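Listing of my_file_12.cif, mmCIF, C-alpha atoms and all ligand atoms
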data_entry
loop_
_atom_site.label_atom_id
_atom_site.label_comp_id
_atom_site.auth_asym_id
_atom_site.auth_seq_id
_atom_site.Cartn_x
_atom_site.Cartn_y
_atom_site.Cartn_z
CA MET A 89 -80.02 143.67 2.05
CA PRO A 90 -80.63 141.52 -1.00
CA LEU A 91 -83.78 140.24 0.65
CA ARG A 92 -85.12 143.76 1.02
CA PHE A 93 -84.75 144.39 -2.71
CA LEU A 94 -86.15 141.04 -3.57
CA SER A 95 -89.16 141.17 -1.31
CA PRO A 96 -91.15 143.79 -3.31
CA PHE A 97 -90.22 142.09 -6.53
CA LEU A 98 -91.43 138.78 -5.15
CA PHE A 99 -94.57 140.44 -3.98
CA ILE A 100 -95.29 141.71 -7.49
CA LEU A 101 -94.60 138.31 -8.89
CA LEU A 102 -97.02 136.83 -6.43
CA LEU A 103 -99.69 139.31 -7.44
CA ALA A 104 -99.10 138.62 -11.10
CA SER A 105 -99.28 134.91 -10.57
CA ALA A 106 -102.40 135.38 -8.46
CA GLY A 107 -104.21 136.57 -11.56
CA LEU A 108 -104.02 140.35 -10.88
CA PRO A 109 -101.79 141.55 -13.70
CA GLU A 110 -103.74 144.76 -14.20
CA ASN A 111 -103.36 146.05 -10.72
CA ALA A 112 -99.70 145.40 -10.41
CA PRO A 113 -98.29 146.74 -13.70
CA VAL A 114 -100.42 149.88 -13.83
CA PRO A 115 -98.67 151.85 -11.10
CA GLN A 116 -95.37 151.01 -12.68
CA GLU A 117 -96.29 151.88 -16.26
CA LYS A 118 -98.35 154.98 -15.55
CA PRO A 119 -95.52 157.41 -14.86
CA PRO A 120 -93.64 156.83 -18.12
CA ALA A 121 -96.86 156.66 -20.18
CA THR A 122 -98.37 159.90 -18.92
CA GLU A 123 -95.16 161.78 -19.08
CA THR A 124 -94.47 160.90 -22.67
CA GLU A 125 -98.00 161.11 -24.06
CA GLN A 126 -99.01 164.36 -22.51
CA GLY A 127 -95.70 166.09 -22.68
CA GLY A 128 -95.20 165.83 -19.00
CA LYS A 129 -97.54 168.76 -18.36
CA VAL A 130 -100.32 166.71 -17.01
CA ALA A 131 -98.08 164.10 -15.53
CA THR A 132 -95.93 166.55 -13.72
CA PRO A 133 -98.68 168.18 -11.69
CA GLN A 134 -99.74 164.72 -10.63
CA GLU A 135 -96.28 163.91 -9.45
CA LYS A 136 -95.07 167.32 -8.47
CA PRO A 137 -97.69 168.06 -5.87
CA ASP A 138 -96.62 164.98 -4.02
CA VAL A 139 -93.02 166.09 -4.07
CA LYS A 140 -93.02 169.82 -4.52
CA SER A 141 -96.08 170.63 -2.50
CA GLU A 142 -94.01 170.02 0.51
CA ALA A 143 -90.74 171.31 -0.91
CA THR A 144 -91.88 174.39 -2.82
CA PRO A 145 -95.07 175.98 -1.53
CA GLU A 146 -94.83 178.56 -4.33
CA VAL A 147 -95.86 175.98 -6.88
CA LYS A 148 -99.05 175.24 -5.02
CA PRO A 149 -100.72 178.61 -5.29
CA GLU A 150 -99.85 178.81 -8.97
CA LYS A 151 -101.17 175.44 -9.93
CA LYS A 152 -104.12 175.19 -7.64
CA PRO A 153 -105.75 178.33 -8.93
CA GLN A 154 -105.20 177.08 -12.45
CA ALA A 155 -106.75 173.77 -11.60
CA LYS A 156 -109.68 175.56 -10.00
CA ASN A 157 -110.12 177.80 -12.97
CA ASP A 158 -110.03 174.81 -15.27
CA GLU A 159 -112.65 173.13 -13.18
CA LYS A 160 -114.81 176.21 -13.11
CA ALA A 161 -114.33 176.86 -16.77
CA PRO A 162 -116.78 174.18 -17.88
CA ALA A 163 -119.07 175.53 -15.27
CA GLY A 164 -118.19 178.93 -16.64
CA GLU A 165 -121.77 179.19 -17.78
CA GLU A 166 -122.62 179.00 -14.17
CA ILE A 167 -120.20 181.76 -13.38
CA PRO A 168 -122.98 184.27 -13.82
CA ALA A 169 -124.57 182.49 -10.90
CA ASP A 170 -121.88 184.09 -8.81
CA ILE A 171 -122.69 187.40 -10.39
CA LYS A 172 -126.43 186.88 -10.41
CA PRO A 173 -127.03 188.06 -6.88
CA GLU A 174 -125.67 191.42 -7.95
CA THR A 175 -126.99 191.71 -11.49
CA VAL A 176 -130.31 189.89 -11.46
CA GLN A 177 -131.79 191.66 -8.52
CA PRO A 178 -131.49 195.08 -10.11
CA GLN A 179 -132.96 193.58 -13.27
CA MET A 180 -135.95 192.23 -11.44
CA LYS A 181 -136.70 195.47 -9.67
CA PRO A 182 -137.27 197.69 -12.73
CA ALA A 183 -139.40 194.98 -14.38
CA PRO A 184 -142.73 196.52 -13.39
CA GLU A 185 -141.75 199.85 -14.91
CA PRO A 186 -142.25 198.86 -18.58
CA VAL A 187 -145.87 198.10 -17.73
CA LEU A 188 -146.37 201.76 -17.05
CA THR A 189 -144.73 202.93 -20.24
CA ILE A 190 -146.52 203.68 -23.47
CA LYS A 191 -145.58 201.13 -26.07
CA PRO A 192 -144.12 202.80 -29.14
CA GLU A 193 -145.72 201.93 -32.47
CA ASP A 194 -143.60 200.03 -34.97
CA GLU A 195 -143.13 202.50 -37.84
CA LYS A 196 -143.67 199.97 -40.62
CA GLU A 197 -146.64 198.30 -38.99
CA TYR A 198 -148.19 201.67 -38.30
CA ALA A 199 -147.72 202.82 -41.89
CA THR A 200 -149.24 199.59 -43.17
CA CYS A 201 -152.15 199.96 -40.77
CA LEU A 202 -152.84 203.52 -41.88
CA ALA A 203 -152.84 202.44 -45.52
CA ASP A 204 -155.18 199.54 -44.79
CA LEU A 205 -157.49 201.76 -42.76
CA LYS A 206 -157.71 204.27 -45.61
CA ALA A 207 -158.22 201.51 -48.15
CA ILE A 208 -161.14 200.01 -46.26
CA GLY A 209 -162.86 203.41 -46.28
CA ALA A 210 -162.56 204.51 -42.67
CA VAL A 211 -162.42 208.21 -41.86
CA PHE A 212 -159.98 209.17 -39.14
CA LYS A 213 -157.57 211.82 -38.00
CA GLU A 214 -154.05 211.30 -36.72
CA GLU A 215 -153.57 212.87 -33.30
CA PRO A 216 -150.56 213.94 -31.20
CA ARG A 217 -149.12 211.42 -28.80
CA ILE A 218 -151.16 210.96 -25.64
CA ASP A 219 -149.39 210.46 -22.31
CA ASP A 220 -151.63 210.75 -19.29
CA GLY A 221 -149.17 209.11 -16.91
CA LYS A 222 -149.49 205.83 -14.99
CA GLY A 223 -149.02 203.99 -18.28
CA CYS A 224 -152.05 205.61 -19.86
CA GLY A 225 -151.54 206.85 -23.37
CA ILE A 226 -151.15 206.13 -27.07
CA ASP A 227 -147.98 206.65 -29.05
CA LYS A 228 -149.80 207.33 -32.32
CA PRO A 229 -153.49 207.84 -31.61
CA LEU A 230 -156.24 208.20 -34.15
CA THR A 231 -159.65 209.71 -33.81
CA LEU A 232 -161.97 207.42 -35.71
CA SER A 233 -165.20 209.01 -36.89
CA THR A 234 -166.34 206.72 -39.71
CA VAL A 235 -165.81 202.97 -39.48
CA LEU A 236 -166.76 202.23 -43.07
CA PRO A 237 -168.28 204.38 -45.80
CA GLY A 238 -171.76 205.30 -44.56
CA ILE A 239 -171.22 203.85 -41.07
CA THR A 240 -170.49 206.39 -38.36
CA LEU A 241 -168.78 205.70 -35.06
CA LYS A 242 -170.81 207.60 -32.48
CA PRO A 243 -169.32 209.35 -30.69
CA GLU A 244 -166.00 209.45 -32.49
CA GLY A 245 -163.31 207.69 -30.50
CA LYS A 246 -159.58 207.77 -29.87
CA MET A 247 -157.70 204.53 -30.29
CA ARG A 248 -154.67 202.89 -31.84
CA CYS A 249 -154.71 202.28 -35.58
CA GLU A 250 -154.78 198.52 -35.05
CA THR A 251 -157.92 198.80 -32.94
CA ALA A 252 -159.61 200.95 -35.57
CA LEU A 253 -158.60 198.62 -38.37
CA GLU A 254 -159.90 195.49 -36.64
CA LEU A 255 -163.14 197.31 -35.86
CA ALA A 256 -163.51 198.23 -39.53
CA ARG A 257 -162.71 194.71 -40.72
CA TRP A 258 -165.09 193.13 -38.25
CA THR A 259 -167.83 195.55 -39.28
CA LYS A 260 -167.29 194.90 -42.98
CA GLU A 261 -166.74 191.16 -42.92
CA ALA A 262 -168.90 190.02 -40.00
CA VAL A 263 -171.41 192.66 -38.91
CA LEU A 264 -172.72 193.70 -42.33
CA PRO A 265 -173.30 190.15 -43.60
CA ALA A 266 -175.04 189.20 -40.34
CA ALA A 267 -177.14 192.37 -40.42
CA LYS A 268 -178.13 191.73 -44.01
CA VAL A 269 -179.42 188.29 -43.13
CA ALA A 270 -180.98 189.07 -39.75
CA LEU A 271 -182.05 192.70 -39.97
CA GLU A 272 -182.45 193.59 -43.62
CA SER A 273 -185.90 195.04 -42.96
CA GLU A 274 -184.30 197.67 -40.70
CA GLY A 275 -182.32 199.09 -43.58
CA GLU A 276 -178.58 199.55 -43.86
CA LEU A 277 -176.41 199.83 -40.81
CA THR A 278 -175.64 203.51 -40.31
CA THR A 279 -174.13 203.86 -36.85
CA ILE A 280 -172.03 201.91 -34.43
CA ASN A 281 -172.58 203.40 -30.99
CA GLN A 282 -169.55 203.03 -28.78
CA ALA A 283 -169.53 203.27 -25.01
CA SER A 284 -165.79 203.67 -24.47
CA SER A 285 -162.62 204.00 -26.49
CA TYR A 286 -159.46 205.56 -25.03
CA ILE A 287 -159.73 206.37 -21.35
CA CYS A 288 -157.17 206.32 -18.55
CA ARG A 289 -158.54 203.83 -16.08
CA LEU A 290 -158.06 200.39 -14.58
CA ARG A 291 -159.96 197.31 -15.73
CA ASN A 292 -163.67 197.41 -14.99
CA ASN A 293 -163.16 200.88 -13.51
CA ALA A 294 -161.68 199.25 -10.43
CA LYS A 295 -159.57 201.26 -7.98
CA THR A 296 -156.81 198.66 -7.93
CA GLY A 297 -155.59 196.05 -10.38
CA LYS A 298 -154.34 195.99 -13.93
CA ILE A 299 -154.56 198.89 -16.29
CA SER A 300 -157.42 198.67 -18.78
CA GLU A 301 -156.66 198.10 -22.45
CA HIS A 302 -158.78 201.17 -22.98
CA ALA A 303 -155.96 203.12 -21.35
CA ARG A 304 -153.63 201.91 -24.08
CA GLY A 305 -155.94 202.62 -27.00
CA ASN A 306 -156.35 198.91 -27.57
CA ALA A 307 -160.03 198.63 -26.74
CA ILE A 308 -163.44 199.66 -27.96
CA ASP A 309 -166.80 199.02 -26.29
CA ILE A 310 -169.81 198.56 -28.56
CA ALA A 311 -173.14 199.52 -27.04
CA SER A 312 -175.53 199.27 -29.97
CA PHE A 313 -176.07 199.32 -33.73
CA THR A 314 -178.40 201.81 -35.38
CA PHE A 315 -180.04 201.13 -38.75
CA LYS A 316 -181.37 203.35 -41.48
CA ASN A 317 -184.92 203.20 -40.21
CA GLY A 318 -183.75 204.53 -36.86
CA LYS A 319 -184.05 201.30 -34.98
CA SER A 320 -181.20 200.25 -32.74
CA ILE A 321 -180.13 196.84 -31.59
CA GLU A 322 -178.82 197.22 -28.05
CA ILE A 323 -176.21 194.92 -26.64
CA GLN A 324 -177.82 193.09 -23.74
CA PRO A 325 -178.03 189.58 -22.35
CA ARG A 326 -179.31 187.60 -25.34
CA ASP A 327 -178.21 184.04 -24.73
CA GLU A 328 -181.88 183.05 -24.51
CA ASP A 329 -183.10 185.60 -27.04
CA SER A 330 -184.86 183.62 -29.75
CA THR A 331 -185.34 186.59 -32.08
CA LEU A 332 -183.22 187.49 -35.09
CA ALA A 333 -181.83 190.37 -33.04
CA GLY A 334 -180.57 187.81 -30.55
CA ALA A 335 -179.09 185.73 -33.32
CA PHE A 336 -177.47 188.86 -34.76
CA GLN A 337 -175.84 189.81 -31.46
CA ARG A 338 -174.58 186.28 -30.84
CA ALA A 339 -173.20 186.13 -34.37
CA VAL A 340 -171.29 189.41 -34.18
CA THR A 341 -170.04 188.52 -30.71
CA ALA A 342 -168.69 185.18 -31.89
CA THR A 343 -167.07 186.64 -34.99
CA GLY A 344 -165.50 189.39 -32.90
CA CYS A 345 -163.03 186.81 -31.67
CA LEU A 346 -161.72 186.44 -35.22
CA TYR A 347 -160.54 190.05 -35.16
CA PHE A 348 -159.90 190.88 -31.50
CA GLU A 349 -157.79 189.10 -28.89
CA THR A 350 -160.36 189.75 -26.18
CA VAL A 351 -164.15 189.67 -26.44
CA LEU A 352 -166.32 190.18 -23.38
CA ASP A 353 -170.08 190.17 -23.77
CA PRO A 354 -173.05 190.43 -21.38
CA GLY A 355 -172.62 186.76 -20.57
CA SER A 356 -169.09 187.27 -19.25
CA ASP A 357 -169.83 189.34 -16.16
CA GLU A 358 -172.00 192.14 -14.78
CA ALA A 359 -169.52 194.80 -15.93
CA HIS A 360 -170.33 194.00 -19.55
CA GLU A 361 -174.10 193.56 -19.43
CA ASN A 362 -174.74 196.42 -21.84
CA HIS A 363 -171.82 196.34 -24.26
CA LEU A 364 -169.29 194.24 -26.10
CA HIS A 365 -165.71 194.82 -25.06
CA PHE A 366 -163.17 194.23 -27.81
CA ASP A 367 -159.43 194.71 -27.50
CA VAL A 368 -156.26 193.96 -29.38
CA ILE A 369 -154.07 193.16 -26.38
CA GLU A 370 -151.02 191.09 -27.29
CA ARG A 371 -150.80 187.72 -25.61
CA LYS A 372 -148.01 185.19 -25.85
CA GLY A 373 -148.77 182.45 -28.33
CA GLY A 374 -151.65 184.35 -29.91
CA TYR A 375 -153.97 183.22 -27.14
CA ARG A 376 -157.45 184.73 -27.28
CA TYR A 377 -159.91 185.30 -24.49
CA CYS A 378 -163.49 185.34 -25.73
CA ARG A 379 -166.56 184.75 -23.59
ZN ZN B 1 -164.12 197.75 -22.57
#

Please go through the file and, once you have read it, give me the structure as structure tokens.
Amino acid sequence: MPLRFLSPFLFILLLASAGLPENAPVPQEKPPATETEQGGKVATPQEKPDVKSEATPEVKPEKKPQAKNDEKAPAGEEIPADIKPETVQPQMKPAPEPVLTIKPEDEKEYATCLADLKAIGAVFKEEPRIDDGKGCGIDKPLTLSTVLPGITLKPEGKMRCETALELARWTKEAVLPAAKVALESEGELTTINQASSYICRLRNNAKTGKISEHARGNAIDIASFTFKNGKSIEIQPRDEDSTLAGAFQRAVTATGCLYFETVLDPGSDEAHENHLHFDVIERKGGYRYCR
């Protein structure tokens, strides 16, 4: 009997003398240390499961769920992952719908735009909301008839205020200076001839694809400029045009990108061989597409 009690003690002594003091004392000191430092709450589950898991099965279901919850808690941010299959799918499905809705104008931005449009000298009329279905429409449309004092938009066109304002700014700050330099002999610019403003259609009049910015009131197509002497400068392929008219068209095309997010000219594709397409589409990061 005494040998049985002594044998484990001798074994520990042997381990300690063998240079393994850390391994041997730890299992003996752990229980008292954990129990006292952590109030026995943490220590007890470590010890209890060994003892009570077999004796009292009721303790198991209570503690295991807690332990699982505690483990999932940090991953609680991932908990939605469990919910995602139910919630995300319905969120993804209605996503295409907003594309077909008419974007409401911001009241303050619209009021500021109207004031700026009046201040620059444009003549326009506020129109009732347009909703032609399929995402076509304008929340607060304007009919623009005069771009700047003395410069008519022919024919008058429906568009958003922002489109009208950028058209007026571009005309005042880019077109008129270029015309004065290149085409002064033609007299003052009197008319901007547009080929398309608001119209419910897809891009490039295609039967399938994305809705045109024209269908949102964001776009205006410029076909030609008419001067006081009656002469018109038509938009046409002019990359190789060595005349002042060519220089004028290239200048107003390039400067268009300062005012509009999209500029398509006769050099872009066959669909734009006879006009400049300008639009104020919103792109993430202020990206502009001009070619
Ligand atoms: Zn266009």

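Excluding Arg217 of chain A and any residue on its chain fewer than 4 positions from it, the residues at most 6 Å away by only C-alpha atoms are Ile226, Asp227 and Lys228 of chain A.
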
I want to know what sits within 6 Å of segment 337-348 of chain A, based on all atoms listed in the file, with residues of the same chain fewer than 6 positions away left out; could you give that as a compact mmCIF listing (two decimals) with C-alpha atoms, in the frame of the given file?
# COMPACT_ATOMS: atom_id res chain seq x y z
CA GLU A 254 -159.90 195.49 -36.64
CA VAL A 263 -171.41 192.66 -38.91
CA PHE A 366 -163.17 194.23 -27.81
CA ASP A 367 -159.43 194.71 -27.50
CA VAL A 368 -156.26 193.96 -29.38

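Shortest separation to ligand ZN 1 (chain B) among A:Val351, A:Ile208, A:Ala335, A:Ala270 occurs at residue A:Val351, atoms counted being all atoms listed in the file.
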
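Among all protein and nucleic acid residues, the ones that lie within 10 Å of ligand ZN 1 (chain B) when counting only C-alpha atoms and all ligand atoms are Gln282, Ala283, Ser284, Ser285, Tyr286, Ile287, Arg291, Asn292, Asn293, Ser300, Glu301, His302, Ala303, Asn306, Ala307, Ile308, Asp309, Ile310, Thr350, Val351, Leu352, Asp353, Ala359, His360, His363, Leu364, His365, Phe366 and Asp367 of chain A.
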
Output C-alpha atoms of each residue in that selection to a file, as a PDB file, keeping the file's coordinate frame.
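To be explicit, this is the file written out as again25.pdb:
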ATOM      1  CA  GLN A 282    -169.550 203.030 -28.780  1.00  0.00           C
ATOM      2  CA  ALA A 283    -169.530 203.270 -25.010  1.00  0.00           C
ATOM      3  CA  SER A 284    -165.790 203.670 -24.470  1.00  0.00           C
ATOM      4  CA  SER A 285    -162.620 204.000 -26.490  1.00  0.00           C
ATOM      5  CA  TYR A 286    -159.460 205.560 -25.030  1.00  0.00           C
ATOM      6  CA  ILE A 287    -159.730 206.370 -21.350  1.00  0.00           C
ATOM      7  CA  ARG A 291    -159.960 197.310 -15.730  1.00  0.00           C
ATOM      8  CA  ASN A 292    -163.670 197.410 -14.990  1.00  0.00           C
ATOM      9  CA  ASN A 293    -163.160 200.880 -13.510  1.00  0.00           C
ATOM     10  CA  SER A 300    -157.420 198.670 -18.780  1.00  0.00           C
ATOM     11  CA  GLU A 301    -156.660 198.100 -22.450  1.00  0.00           C
ATOM     12  CA  HIS A 302    -158.780 201.170 -22.980  1.00  0.00           C
ATOM     13  CA  ALA A 303    -155.960 203.120 -21.350  1.00  0.00           C
ATOM     14  CA  ASN A 306    -156.350 198.910 -27.570  1.00  0.00           C
ATOM     15  CA  ALA A 307    -160.030 198.630 -26.740  1.00  0.00           C
ATOM     16  CA  ILE A 308    -163.440 199.660 -27.960  1.00  0.00           C
ATOM     17  CA  ASP A 309    -166.800 199.020 -26.290  1.00  0.00           C
ATOM     18  CA  ILE A 310    -169.810 198.560 -28.560  1.00  0.00           C
ATOM     19  CA  THR A 350    -160.360 189.750 -26.180  1.00  0.00           C
ATOM     20  CA  VAL A 351    -164.150 189.670 -26.440  1.00  0.00           C
ATOM     21  CA  LEU A 352    -166.320 190.180 -23.380  1.00  0.00           C
ATOM     22  CA  ASP A 353    -170.080 190.170 -23.770  1.00  0.00           C
ATOM     23  CA  ALA A 359    -169.520 194.800 -15.930  1.00  0.00           C
ATOM     24  CA  HIS A 360    -170.330 194.000 -19.550  1.00  0.00           C
ATOM     25  CA  HIS A 363    -171.820 196.340 -24.260  1.00  0.00           C
ATOM     26  CA  LEU A 364    -169.290 194.240 -26.100  1.00  0.00           C
ATOM     27  CA  HIS A 365    -165.710 194.820 -25.060  1.00  0.00           C
ATOM     28  CA  PHE A 366    -163.170 194.230 -27.810  1.00  0.00           C
ATOM     29  CA  ASP A 367    -159.430 194.710 -27.500  1.00  0.00           C
TER      30      ASP A 367
END

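Distances here use all atoms listed in the file; by that measure, the residue among A:Glu370, A:Asp357, A:Glu193, A:Glu274 closest to Leu332 of chain A is A:Glu274.
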
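Distance annotation: of A:Lys268, A:Arg248, A:Lys319, A:Lys213, the residue with the minimal separation from Ser233 of chain A is A:Lys213; atom set is all atoms listed in the file.
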
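Neighbouring residues of Cys201 of chain A at 10 Å or closer, counting all atoms listed in the file and skipping chain neighbours under 2 positions away, are Glu195, Lys196, Glu197, Tyr198, Ala199, Ala203, Asp204, Leu205, Lys206, Ala207, Arg248, Cys249, Glu250, Thr251, Ala252, Leu253 and Glu254 of chain A.
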
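Counting only C-alpha atoms, the residue from A:Leu255, A:Thr278, A:Leu264, A:Asn362 that sits nearest to Ile323 of chain A is A:Asn362.
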
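Taking atom CA of Lys372 of chain A and atom CA of Pro216 of chain A as the two end points, the separation is 29.4 Å.
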
For Asn281 of chain A: contacts at 9 Å, only C-alpha atoms, fewer than 3 positions along chain excluded, given as a ChimeraX atom specification: /A:240-243,309-314

Atomic distance atom CA of Ile190 of chain A - atom CA of Ile299 of chain A, expressed in Å with one decimal: 11.8 Å

Test item: residues at most 7 Å from Lys246 of chain A, all atoms listed in the file, excluding those fewer than 5 positions along its chain, as a ChimeraX atom specification: /A:229-232,285-286,305

Best match for closeness to Gly245 of chain A among A:Val269, A:Leu290, A:Val211, A:Ile369, counting all atoms listed in the file: A:Val211

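Counting all atoms listed in the file, the residue from A:Ala210, A:Leu188, A:Ala294, A:Ala262 that sits nearest to Ile239 of chain A is A:Ala210.
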